[in-house]
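Listing of protein-v7.txt, compact mmCIF, C-alpha atoms and all ligand atoms
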# COMPACT_ATOMS: atom_id res chain seq x y z
CA MET A 1 55.24 70.04 -135.47
CA ASN A 2 53.56 72.19 -132.84
CA TYR A 3 49.90 71.61 -133.61
CA LYS A 4 48.76 73.67 -130.65
CA ARG A 5 49.54 76.88 -132.59
CA PHE A 6 46.66 76.09 -135.01
CA GLU A 7 44.19 76.34 -132.15
CA LYS A 8 44.22 80.13 -132.25
CA TYR A 9 42.33 80.01 -135.56
CA PHE A 10 39.42 77.79 -134.57
CA LEU A 11 36.54 77.88 -132.16
CA LYS A 12 37.10 75.17 -129.58
CA THR A 13 34.78 72.49 -130.91
CA TYR A 14 36.96 69.64 -132.17
CA LYS A 15 39.61 67.88 -130.11
CA ARG A 16 41.86 67.16 -133.06
CA TYR A 17 44.60 64.54 -133.35
CA ASN A 18 48.16 65.70 -134.08
CA VAL A 19 48.23 64.92 -137.77
CA LEU A 20 48.01 67.08 -140.88
CA PHE A 21 46.46 65.19 -143.78
CA VAL A 22 47.25 66.55 -147.21
CA LYS A 23 46.19 63.83 -149.65
CA GLY A 24 43.89 60.86 -150.07
CA LYS A 25 43.92 58.02 -152.57
CA GLY A 26 41.57 55.04 -152.44
CA LYS A 27 41.64 53.62 -148.91
CA TYR A 28 44.76 55.59 -147.94
CA LEU A 29 45.44 59.01 -146.46
CA TYR A 30 48.83 60.77 -146.55
CA ASP A 31 50.17 63.36 -144.12
CA ASN A 32 52.48 66.33 -144.73
CA ASN A 33 55.50 64.04 -144.27
CA LYS A 34 54.23 61.67 -146.99
CA LYS A 35 53.44 59.04 -144.35
CA LYS A 36 50.73 56.64 -145.53
CA TYR A 37 47.75 55.66 -143.36
CA LEU A 38 45.11 53.01 -143.95
CA ASP A 39 41.82 54.85 -143.46
CA PHE A 40 39.37 52.80 -141.37
CA PHE A 41 37.13 55.78 -140.62
CA SER A 42 36.28 57.19 -144.10
CA GLY A 43 35.94 60.71 -142.70
CA LEU A 44 33.16 59.42 -140.42
CA SER A 45 31.43 57.10 -142.89
CA VAL A 46 31.61 59.60 -145.74
CA CYS A 47 34.19 58.51 -148.32
CA ASN A 48 32.68 55.03 -148.60
CA LEU A 49 34.19 54.51 -152.06
CA GLY A 50 37.58 55.74 -150.91
CA HIS A 51 39.36 59.02 -151.61
CA CYS A 52 39.74 60.76 -154.95
CA ASP A 53 38.18 58.03 -157.10
CA LYS A 54 39.35 58.70 -160.68
CA GLU A 55 35.98 58.30 -162.36
CA LEU A 56 34.33 60.46 -159.75
CA ILE A 57 36.91 63.21 -160.35
CA LYS A 58 35.94 63.14 -164.04
CA ILE A 59 32.22 63.35 -163.22
CA VAL A 60 32.75 66.23 -160.80
CA ASN A 61 34.98 68.04 -163.31
CA ASN A 62 32.39 67.67 -166.05
CA GLN A 63 29.65 69.05 -163.85
CA ILE A 64 31.85 71.97 -162.73
CA LYS A 65 32.40 72.84 -166.37
CA THR A 66 28.68 72.62 -167.12
CA LEU A 67 26.71 74.14 -164.22
CA TRP A 68 27.26 73.98 -160.47
CA HIS A 69 24.50 76.11 -158.97
CA CYS A 70 21.41 77.85 -160.21
CA SER A 71 18.83 77.94 -157.33
CA ASN A 72 16.11 75.50 -156.43
CA LEU A 73 13.58 77.76 -158.14
CA TYR A 74 14.44 75.94 -161.38
CA TYR A 75 14.63 72.34 -162.60
CA THR A 76 18.07 70.82 -163.11
CA THR A 77 19.06 67.46 -164.59
CA PRO A 78 21.41 66.13 -161.85
CA GLN A 79 18.76 66.70 -159.15
CA LEU A 80 15.99 65.16 -161.24
CA THR A 81 18.02 62.09 -162.13
CA LEU A 82 19.20 61.59 -158.56
CA ALA A 83 15.72 61.97 -157.04
CA LYS A 84 14.35 59.43 -159.53
CA GLU A 85 17.18 56.99 -158.80
CA LEU A 86 16.82 57.31 -155.00
CA ILE A 87 13.09 56.63 -155.26
CA LYS A 88 13.73 53.63 -157.52
CA LYS A 89 16.18 52.22 -154.94
CA THR A 90 13.86 52.78 -151.95
CA PHE A 91 10.04 53.00 -152.16
CA PRO A 92 7.38 55.20 -153.83
CA SER A 93 8.26 58.55 -152.31
CA LYS A 94 9.37 62.13 -152.89
CA VAL A 95 12.70 63.72 -152.01
CA PHE A 96 13.95 66.97 -150.44
CA PHE A 97 17.63 67.76 -150.89
CA SER A 98 19.72 69.64 -148.33
CA ASN A 99 23.40 69.76 -147.34
CA SER A 100 23.98 67.93 -144.06
CA GLY A 101 22.59 65.26 -141.81
CA ALA A 102 21.22 67.74 -139.29
CA GLU A 103 19.33 69.51 -142.07
CA ALA A 104 17.90 66.24 -143.41
CA ASN A 105 16.61 65.53 -139.89
CA GLU A 106 15.27 69.08 -139.46
CA CYS A 107 13.24 68.55 -142.61
CA ALA A 108 11.82 65.28 -141.24
CA ILE A 109 10.99 66.94 -137.88
CA LYS A 110 9.23 69.86 -139.57
CA LEU A 111 7.28 67.54 -141.82
CA ALA A 112 6.18 65.42 -138.82
CA ARG A 113 5.02 68.55 -136.96
CA LYS A 114 3.04 69.74 -139.96
CA TYR A 115 1.47 66.29 -140.33
CA GLY A 116 0.32 66.45 -136.72
CA ILE A 117 -1.05 69.98 -136.72
CA LYS A 118 -4.66 69.04 -137.56
CA ASP A 119 -5.06 67.01 -134.35
CA LYS A 120 -2.58 68.98 -132.23
CA ARG A 121 0.06 66.25 -132.21
CA TYR A 122 3.69 67.32 -132.18
CA GLU A 123 5.67 65.06 -129.85
CA ILE A 124 8.42 62.93 -131.31
CA ILE A 125 9.79 59.92 -129.47
CA THR A 126 13.52 59.48 -129.99
CA PHE A 127 15.97 57.31 -128.06
CA LYS A 128 18.44 57.56 -125.26
CA ASN A 129 22.00 57.39 -126.54
CA SER A 130 20.94 58.55 -130.02
CA PHE A 131 22.58 61.19 -132.20
CA HIS A 132 20.74 63.28 -134.80
CA GLY A 133 22.86 66.41 -135.33
CA ARG A 134 23.95 69.75 -133.86
CA THR A 135 21.18 72.23 -134.63
CA ILE A 136 18.84 73.14 -131.78
CA ALA A 137 16.09 70.80 -133.05
CA THR A 138 18.47 67.93 -133.71
CA ILE A 139 20.37 68.23 -130.40
CA THR A 140 16.95 68.12 -128.77
CA ALA A 141 16.13 64.99 -130.76
CA THR A 142 19.47 63.55 -129.64
CA GLY A 143 18.90 61.57 -126.44
CA GLN A 144 22.17 62.41 -124.68
CA ASP A 145 22.51 65.05 -121.95
CA LYS A 146 26.09 65.90 -122.93
CA PHE A 147 24.84 67.45 -126.19
CA HIS A 148 22.15 69.49 -124.39
CA LYS A 149 24.35 70.98 -121.69
CA GLY A 150 24.72 74.74 -122.10
CA PHE A 151 22.08 75.11 -124.81
CA GLN A 152 18.83 75.16 -122.84
CA PRO A 153 16.02 75.93 -123.25
CA LEU A 154 15.68 73.17 -125.80
CA LEU A 155 12.76 72.67 -128.14
CA GLU A 156 9.49 71.42 -126.72
CA GLY A 157 8.11 68.08 -127.80
CA PHE A 158 10.81 65.40 -127.64
CA LYS A 159 10.69 62.33 -125.38
CA TYR A 160 13.45 59.77 -125.00
CA ALA A 161 12.73 56.05 -124.82
CA GLU A 162 15.12 53.18 -124.08
CA PHE A 163 16.60 51.74 -127.26
CA ASN A 164 15.48 48.15 -127.97
CA ASN A 165 12.76 48.39 -125.31
CA ILE A 166 9.27 48.51 -126.79
CA ASN A 167 7.57 48.93 -123.39
CA SER A 168 9.55 52.07 -122.74
CA VAL A 169 8.27 53.45 -126.08
CA LYS A 170 4.68 52.49 -125.24
CA LYS A 171 4.95 54.29 -121.88
CA LEU A 172 5.84 57.57 -123.63
CA LEU A 173 3.11 57.29 -126.23
CA ASN A 174 0.22 59.72 -125.74
CA LYS A 175 -2.36 61.65 -127.75
CA LYS A 176 0.25 64.27 -128.68
CA THR A 177 2.71 61.78 -130.22
CA ILE A 178 3.23 62.19 -133.95
CA ALA A 179 6.41 60.28 -134.81
CA ILE A 180 9.13 57.89 -133.69
CA MET A 181 12.61 58.69 -134.91
CA LEU A 182 15.70 56.51 -134.58
CA GLU A 183 18.98 55.31 -136.04
CA PRO A 184 18.63 51.62 -136.97
CA ILE A 185 22.16 51.25 -135.60
CA GLN A 186 23.18 53.92 -133.10
CA GLY A 187 26.50 55.20 -134.40
CA GLU A 188 27.81 57.96 -132.17
CA GLY A 189 26.14 56.10 -129.29
CA GLY A 190 28.69 53.29 -129.60
CA ILE A 191 27.60 51.13 -132.58
CA ILE A 192 24.48 49.65 -131.03
CA PRO A 193 22.30 47.77 -133.52
CA ALA A 194 18.53 47.73 -133.08
CA GLU A 195 17.07 44.27 -132.61
CA LYS A 196 15.11 43.13 -135.65
CA SER A 197 12.03 42.37 -133.54
CA PHE A 198 12.20 45.85 -131.96
CA LEU A 199 11.98 47.60 -135.33
CA LYS A 200 9.09 45.36 -136.37
CA GLU A 201 7.25 46.23 -133.14
CA LEU A 202 7.89 49.94 -133.75
CA ARG A 203 6.48 49.61 -137.27
CA PHE A 204 3.37 47.95 -135.84
CA LEU A 205 3.02 50.61 -133.13
CA CYS A 206 3.28 53.39 -135.74
CA GLU A 207 0.66 51.70 -137.92
CA ARG A 208 -1.78 51.36 -135.01
CA ASN A 209 -1.34 54.93 -133.76
CA LYS A 210 -0.95 56.74 -137.09
CA LEU A 211 2.62 57.77 -136.29
CA LEU A 212 5.42 58.44 -138.73
CA LEU A 213 8.37 56.08 -138.46
CA ILE A 214 11.54 58.05 -139.25
CA PHE A 215 14.85 56.24 -139.81
CA ASP A 216 17.95 58.38 -139.53
CA GLU A 217 20.19 56.49 -141.96
CA ILE A 218 22.81 59.20 -142.08
CA GLN A 219 25.52 56.84 -140.83
CA THR A 220 23.97 53.49 -141.79
CA GLY A 221 22.99 54.34 -145.37
CA PHE A 222 24.70 53.68 -148.69
CA GLY A 223 26.02 50.17 -148.20
CA ARG A 224 27.48 50.41 -144.70
CA THR A 225 25.50 47.36 -143.49
CA GLY A 226 25.92 45.31 -146.67
CA GLU A 227 22.48 46.43 -147.90
CA LEU A 228 22.03 49.74 -149.66
CA PHE A 229 20.06 51.00 -146.64
CA ALA A 230 19.85 49.55 -143.15
CA TYR A 231 16.04 49.37 -143.29
CA GLN A 232 16.52 46.71 -145.99
CA TYR A 233 18.81 44.73 -143.69
CA TYR A 234 16.11 44.97 -141.00
CA ASP A 235 13.28 44.29 -143.46
CA THR A 236 11.25 47.09 -141.86
CA LYS A 237 10.07 49.97 -143.99
CA PRO A 238 10.11 53.47 -142.47
CA ASP A 239 7.90 56.34 -143.67
CA ILE A 240 10.81 58.75 -143.87
CA ILE A 241 14.54 58.13 -144.34
CA THR A 242 17.16 60.80 -143.76
CA LEU A 243 20.45 60.50 -145.63
CA ALA A 244 23.70 62.44 -145.77
CA LYS A 245 27.38 61.60 -145.10
CA SER A 246 28.35 59.08 -147.82
CA ILE A 247 25.58 60.02 -150.25
CA ALA A 248 28.06 61.92 -152.45
CA ASN A 249 31.30 60.37 -151.16
CA GLY A 250 32.50 63.56 -149.48
CA LEU A 251 30.69 66.36 -151.27
CA PRO A 252 28.08 68.02 -149.04
CA LEU A 253 24.62 66.66 -149.78
CA ALA A 254 21.68 65.28 -147.82
CA ALA A 255 18.26 63.92 -148.64
CA THR A 256 14.99 63.40 -146.81
CA ILE A 257 12.97 60.68 -148.52
CA VAL A 258 9.26 60.78 -147.69
CA ASP A 259 6.80 57.98 -148.45
CA LYS A 260 4.25 58.98 -151.08
CA LYS A 261 1.47 58.77 -148.45
CA TYR A 262 3.00 61.77 -146.67
CA SER A 263 4.58 63.60 -149.57
CA GLU A 264 1.87 66.26 -149.89
CA ILE A 265 2.24 67.57 -146.32
CA PHE A 266 4.66 70.33 -147.25
CA ASP A 267 3.24 73.13 -149.33
CA TYR A 268 5.17 75.65 -151.41
CA SER A 269 7.59 77.67 -149.22
CA ASP A 270 7.16 75.40 -146.19
CA HIS A 271 10.81 74.45 -146.46
CA GLY A 272 13.85 75.27 -148.56
CA SER A 273 17.62 75.54 -148.84
CA THR A 274 19.83 77.75 -151.00
CA PHE A 275 22.57 75.18 -151.44
CA GLY A 276 20.49 72.02 -150.96
CA GLY A 277 20.95 69.57 -153.82
CA ASN A 278 24.11 71.17 -155.19
CA LEU A 279 24.55 69.96 -158.76
CA ILE A 280 28.15 68.78 -158.39
CA ALA A 281 27.19 66.81 -155.29
CA CYS A 282 24.11 65.34 -157.04
CA SER A 283 26.26 64.17 -159.97
CA ALA A 284 28.66 62.56 -157.49
CA ALA A 285 25.76 60.88 -155.68
CA LEU A 286 24.53 59.32 -158.93
CA TYR A 287 27.96 57.76 -159.35
CA VAL A 288 27.88 56.50 -155.73
CA LEU A 289 24.53 54.79 -156.35
CA LYS A 290 25.83 53.19 -159.54
CA LYS A 291 28.94 51.86 -157.78
CA LEU A 292 26.99 50.36 -154.87
CA ASN A 293 25.98 47.33 -156.92
CA LYS A 294 25.22 43.80 -155.68
CA ASN A 295 28.89 42.76 -155.96
CA LEU A 296 30.17 45.56 -153.74
CA LEU A 297 27.34 45.08 -151.23
CA ASN A 298 28.08 41.35 -151.05
CA GLN A 299 31.75 42.13 -150.53
CA VAL A 300 30.77 44.37 -147.57
CA LYS A 301 28.91 41.42 -146.04
CA VAL A 302 31.81 39.01 -146.55
CA VAL A 303 34.63 41.28 -145.33
CA GLY A 304 32.37 42.61 -142.56
CA GLU A 305 31.86 39.10 -141.19
CA TYR A 306 35.60 38.39 -141.46
CA PHE A 307 36.39 41.62 -139.58
CA TYR A 308 33.80 40.85 -136.88
CA LYS A 309 35.16 37.32 -136.40
CA ASN A 310 38.72 38.65 -136.05
CA LEU A 311 37.67 41.35 -133.59
CA LEU A 312 35.96 38.64 -131.53
CA GLU A 313 39.21 36.66 -131.50
CA LEU A 314 40.97 39.73 -130.09
CA LYS A 315 38.23 39.97 -127.48
CA ASN A 316 38.92 36.38 -126.44
CA LYS A 317 42.59 37.24 -126.04
CA TYR A 318 42.32 40.47 -124.01
CA ASN A 319 40.01 40.70 -121.03
CA PHE A 320 39.84 44.53 -121.19
CA ILE A 321 37.77 44.20 -124.40
CA THR A 322 34.22 44.01 -123.10
CA LEU A 323 32.13 43.86 -126.30
CA VAL A 324 32.31 43.62 -130.08
CA ARG A 325 29.18 44.58 -132.02
CA GLY A 326 27.86 45.95 -135.27
CA VAL A 327 26.67 45.02 -138.74
CA GLY A 328 28.56 44.88 -142.06
CA LEU A 329 31.36 47.44 -142.00
CA MET A 330 29.97 49.41 -139.08
CA LEU A 331 31.72 47.78 -136.13
CA GLY A 332 32.58 48.75 -132.59
CA MET A 333 34.86 47.30 -129.92
CA GLU A 334 34.23 48.40 -126.36
CA LEU A 335 37.17 48.59 -123.94
CA ASN A 336 37.05 49.01 -120.17
CA PHE A 337 39.23 52.15 -120.29
CA PRO A 338 39.27 55.42 -122.31
CA ALA A 339 40.36 54.50 -125.82
CA ARG A 340 41.75 57.75 -127.24
CA LYS A 341 45.30 56.58 -126.57
CA ILE A 342 44.65 53.47 -128.69
CA VAL A 343 43.53 55.71 -131.57
CA GLU A 344 46.74 57.74 -131.14
CA GLU A 345 48.85 54.56 -131.17
CA CYS A 346 47.05 53.43 -134.35
CA LEU A 347 47.93 56.76 -135.99
CA LYS A 348 51.59 56.22 -135.11
CA ASN A 349 51.29 52.84 -136.84
CA GLY A 350 49.69 54.25 -139.99
CA LEU A 351 46.08 53.40 -139.20
CA VAL A 352 43.10 55.75 -138.84
CA ILE A 353 40.30 54.58 -136.55
CA ASN A 354 37.93 56.43 -134.22
CA VAL A 355 36.65 56.33 -130.67
CA THR A 356 33.14 57.20 -129.55
CA GLN A 357 31.50 57.24 -126.12
CA ASP A 358 35.02 57.43 -124.68
CA LYS A 359 35.58 53.67 -124.66
CA VAL A 360 34.27 52.31 -127.96
CA LEU A 361 36.71 51.91 -130.84
CA ARG A 362 34.67 52.63 -133.96
CA PHE A 363 35.51 51.14 -137.36
CA LEU A 364 33.88 52.66 -140.45
CA PRO A 365 36.26 51.70 -143.26
CA PRO A 366 35.62 52.47 -146.92
CA LEU A 367 33.56 49.68 -148.48
CA ILE A 368 36.40 48.83 -150.87
CA ILE A 369 38.69 47.27 -148.24
CA THR A 370 39.89 43.68 -148.49
CA LYS A 371 40.60 40.89 -145.99
CA LYS A 372 44.31 41.81 -146.24
CA ASP A 373 43.52 45.31 -144.93
CA ILE A 374 41.61 43.74 -142.04
CA ASP A 375 44.60 41.49 -141.28
CA PHE A 376 46.75 44.64 -141.02
CA VAL A 377 44.26 46.29 -138.65
CA ILE A 378 44.00 43.22 -136.42
CA LYS A 379 47.78 42.81 -136.32
CA THR A 380 48.23 46.51 -135.47
CA LEU A 381 45.64 46.38 -132.68
CA ASP A 382 47.12 43.13 -131.36
CA GLU A 383 50.61 44.69 -131.16
CA ILE A 384 49.24 47.80 -129.40
CA PHE A 385 47.15 45.74 -126.94
CA LYS A 386 50.09 43.42 -126.23
CA ASN A 387 52.25 46.36 -125.17
CA LEU A 388 49.69 48.07 -122.92
C1 LIG A 401 23.04 59.26 -137.26
C2 LIG A 401 23.45 60.67 -137.52
N1 LIG A 401 22.50 61.60 -137.70
C3 LIG A 401 22.83 62.88 -137.94
C4 LIG A 401 24.13 63.29 -138.02
C5 LIG A 401 24.46 64.72 -138.28
O1 LIG A 401 25.00 64.86 -139.57
P1 LIG A 401 25.77 66.21 -139.96
O2 LIG A 401 27.03 66.27 -139.16
O3 LIG A 401 26.04 66.03 -141.45
O4 LIG A 401 24.83 67.34 -139.70
C6 LIG A 401 25.15 62.35 -137.82
C7 LIG A 401 26.57 62.77 -137.83
O5 LIG A 401 27.45 62.14 -137.32
C8 LIG A 401 24.81 61.01 -137.56
O6 LIG A 401 25.74 60.08 -137.36
Take the structure I supplied and represent it as structure tokens, if you would.
Amino acid sequence: MNYKRFEKYFLKTYKRYNVLFVKGKGKYLYDNNKKKYLDFFSGLSVCNLGHCDKELIKIVNNQIKTLWHCSNLYYTTPQLTLAKELIKKTFPSKVFFSNSGAEANECAIKLARKYGIKDKRYEIITFKNSFHGRTIATITATGQDKFHKGFQPLLEGFKYAEFNNINSVKKLLNKKTIAIMLEPIQGEGGIIPAEKSFLKELRFLCERNKLLLIFDEIQTGFGRTGELFAYQYYDTKPDIITLAKSIANGLPLAATIVDKKYSEIFDYSDHGSTFGGNLIACSAALYVLKKLNKNLLNQVKVVGEYFYKNLLELKNKYNFITLVRGVGLMLGMELNFPARKIVEECLKNGLVINVTQDKVLRFLPPLIITKKDIDFVIKTLDEIFKNL
């Protein structure tokens, strides 16, 4: 098929692979020729429970038949139940619902600025190599030049520290600083986990300087690390968590969870969203939370360790693999050459994986995979690497 002809319909933003997916079921995707692919990307950590889950279809259908939108000017049961459940699973807090990760972060940034207004503090320290979204505020928060290029002037008030380097954070701290915002594991940046001690030091720094600690858990949330949220894996509590991606297993939804201490900063009309907290998506999210029980989270830990161990064995075999890193089922393998061709070879072999930062193979499989699926992935990669 000549995929190039589709390009006339789209703005040039995505460099797509030559495949046309038409169906998904569990951990598999199917293309227009009925070819089956094992999905080790989950639509970028979104369909964490796999595609087209039968029970979820029922829930979504029921909600469609009942009510799917009615404005945030009114109370609705799916939103209420989900907010209550999210608070129960995190810490005493209040929730704002939106539609995407960038919006969840925008909400956190606005709230931090409003918190700082009384003593003229507005600067937010984020990190080099981070990724927080594509709006003007969130590309500014993102500490990578490539996302800034062409969109200047950016927003005032963001400073970029070195990840896992507390002294670099301290150097940027001044009387205008109001918050520190980071991904506990940098995803787009190449699957780079924070060090546990680093997050503890950040928590301490925030305490001492009355700063908000904001965790962008848009990629790490909802079981990816083997804990419901990465902050639980790190045993470091943030003041704000931003969530999106897998929250509703593929329906657009996002949430900004704000510790009770800071939950009265926004006043009526300070923020809002027409579609935020869509009722179908909220019903789906309730199902996601129910499914992410101890058993499934433990399974993520077990298969995650198995996957990591097997990736390390590949690293020992091929000297062009420079690093393997990650937590749970959020794993990366760095090569010493551009890895897009490996992703293309995987597609030919019925496997969907991703590359980020040009050279890092990124694995974000659905949380329902088994050791047998990992064996298939390792065997496929081994064959491809052998023939390079
Ligand atoms: C850590 C992180 N934050 C924010 C975003 C932006 O989310 P969205 O694309 O839903 O706006 C992403 C998306 O990849 C992400 O990985």
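Inspection of the environment of ligand LIG 401 (chain A), which uses all atoms listed in the file and a cut-off of 8 Å, identifies the neighbouring residues as Leu44, Asn99, Ser100, Gly101, Ala102, Glu103, Ala104, Asn105, Ser130, Phe131, His132, Gly133, Arg134, Thr135, Thr138, Glu183, Gln186, Gly187, Glu188, Asp216, Glu217, Ile218, Gln219, Thr220, Ala244, Lys245 and Ala254 of chain A.
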Go ahead and save the residues from that selection, with C-alpha atoms, as a PDB file, in the frame of the given file.
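Dumped to result_8.pdb:
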ATOM      1  CA  LEU A  44      33.160  59.420-140.420  1.00  0.00           C
ATOM      2  CA  ASN A  99      23.400  69.760-147.340  1.00  0.00           C
ATOM      3  CA  SER A 100      23.980  67.930-144.060  1.00  0.00           C
ATOM      4  CA  GLY A 101      22.590  65.260-141.810  1.00  0.00           C
ATOM      5  CA  ALA A 102      21.220  67.740-139.290  1.00  0.00           C
ATOM      6  CA  GLU A 103      19.330  69.510-142.070  1.00  0.00           C
ATOM      7  CA  ALA A 104      17.900  66.240-143.410  1.00  0.00           C
ATOM      8  CA  ASN A 105      16.610  65.530-139.890  1.00  0.00           C
ATOM      9  CA  SER A 130      20.940  58.550-130.020  1.00  0.00           C
ATOM     10  CA  PHE A 131      22.580  61.190-132.200  1.00  0.00           C
ATOM     11  CA  HIS A 132      20.740  63.280-134.800  1.00  0.00           C
ATOM     12  CA  GLY A 133      22.860  66.410-135.330  1.00  0.00           C
ATOM     13  CA  ARG A 134      23.950  69.750-133.860  1.00  0.00           C
ATOM     14  CA  THR A 135      21.180  72.230-134.630  1.00  0.00           C
ATOM     15  CA  THR A 138      18.470  67.930-133.710  1.00  0.00           C
ATOM     16  CA  GLU A 183      18.980  55.310-136.040  1.00  0.00           C
ATOM     17  CA  GLN A 186      23.180  53.920-133.100  1.00  0.00           C
ATOM     18  CA  GLY A 187      26.500  55.200-134.400  1.00  0.00           C
ATOM     19  CA  GLU A 188      27.810  57.960-132.170  1.00  0.00           C
ATOM     20  CA  ASP A 216      17.950  58.380-139.530  1.00  0.00           C
ATOM     21  CA  GLU A 217      20.190  56.490-141.960  1.00  0.00           C
ATOM     22  CA  ILE A 218      22.810  59.200-142.080  1.00  0.00           C
ATOM     23  CA  GLN A 219      25.520  56.840-140.830  1.00  0.00           C
ATOM     24  CA  THR A 220      23.970  53.490-141.790  1.00  0.00           C
ATOM     25  CA  ALA A 244      23.700  62.440-145.770  1.00  0.00           C
ATOM     26  CA  LYS A 245      27.380  61.600-145.100  1.00  0.00           C
ATOM     27  CA  ALA A 254      21.680  65.280-147.820  1.00  0.00           C
TER      28      ALA A 254
END
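For the atom pair formed by CA of Ile368 (chain A) and CA of Leu49 (chain A), the distance is 6.2 Å, given to one decimal.
Ranking A:Leu367, A:Leu388, A:Ile378, A:Leu329 by their shortest atom-to-atom distance to Lys341 (chain A), with all atoms listed in the file included, puts A:Leu388 first.
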Env of Cys52 (chain A): 9 Å cut, atoms = only C-alpha atoms, seq-sep filter 6 positions within chain, self excluded. Answer as an MDAnalysis selection string. chainID A and resid 23:26
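The interatomic distance for the pair CA of Tyr75 (chain A) and CA of Leu212 (chain A) works out to 29.1 Å.
Nearest residue to Gln357 (chain A) among A:His271, A:Arg340, A:Lys36, A:Lys89 is A:Arg340, counting all atoms listed in the file.
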Can you pull region 187-198 of chain A out of that block with N, CA and C atoms and hand it back as a tab-separated table (two decimals), in the first residue's frame?
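Written file, part_36.tsv:
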chain	number	residue	atom	x	y	z
A	187	GLY	N	9.95	9.57	30.72
A	187	GLY	CA	9.50	8.63	29.70
A	187	GLY	C	10.02	8.97	28.33
A	188	GLU	N	9.51	10.07	27.77
A	188	GLU	CA	9.96	10.50	26.45
A	188	GLU	C	11.46	10.70	26.44
A	189	GLY	N	12.01	11.11	27.59
A	189	GLY	CA	13.44	11.39	27.72
A	189	GLY	C	14.32	10.15	27.63
A	190	GLY	N	13.71	8.97	27.55
A	190	GLY	CA	14.52	7.75	27.36
A	190	GLY	C	14.42	6.75	28.50
A	191	ILE	N	13.33	6.77	29.23
A	191	ILE	CA	13.11	5.87	30.39
A	191	ILE	C	14.27	6.03	31.39
A	192	ILE	N	14.25	7.16	32.06
A	192	ILE	CA	15.30	7.43	33.04
A	192	ILE	C	14.65	7.56	34.43
A	193	PRO	N	14.82	6.55	35.27
A	193	PRO	CA	14.20	6.61	36.59
A	193	PRO	C	14.91	7.61	37.50
A	194	ALA	N	14.13	8.31	38.33
A	194	ALA	CA	14.74	9.14	39.37
A	194	ALA	C	15.37	8.20	40.39
A	195	GLU	N	16.40	8.70	41.07
A	195	GLU	CA	16.95	7.92	42.18
A	195	GLU	C	16.06	8.16	43.39
A	196	LYS	N	15.89	7.10	44.20
A	196	LYS	CA	14.99	7.25	45.35
A	196	LYS	C	15.45	8.38	46.26
A	197	SER	N	16.77	8.45	46.49
A	197	SER	CA	17.30	9.48	47.40
A	197	SER	C	17.05	10.88	46.83
A	198	PHE	N	17.08	11.02	45.52
A	198	PHE	CA	16.88	12.32	44.87
A	198	PHE	C	15.46	12.82	45.16
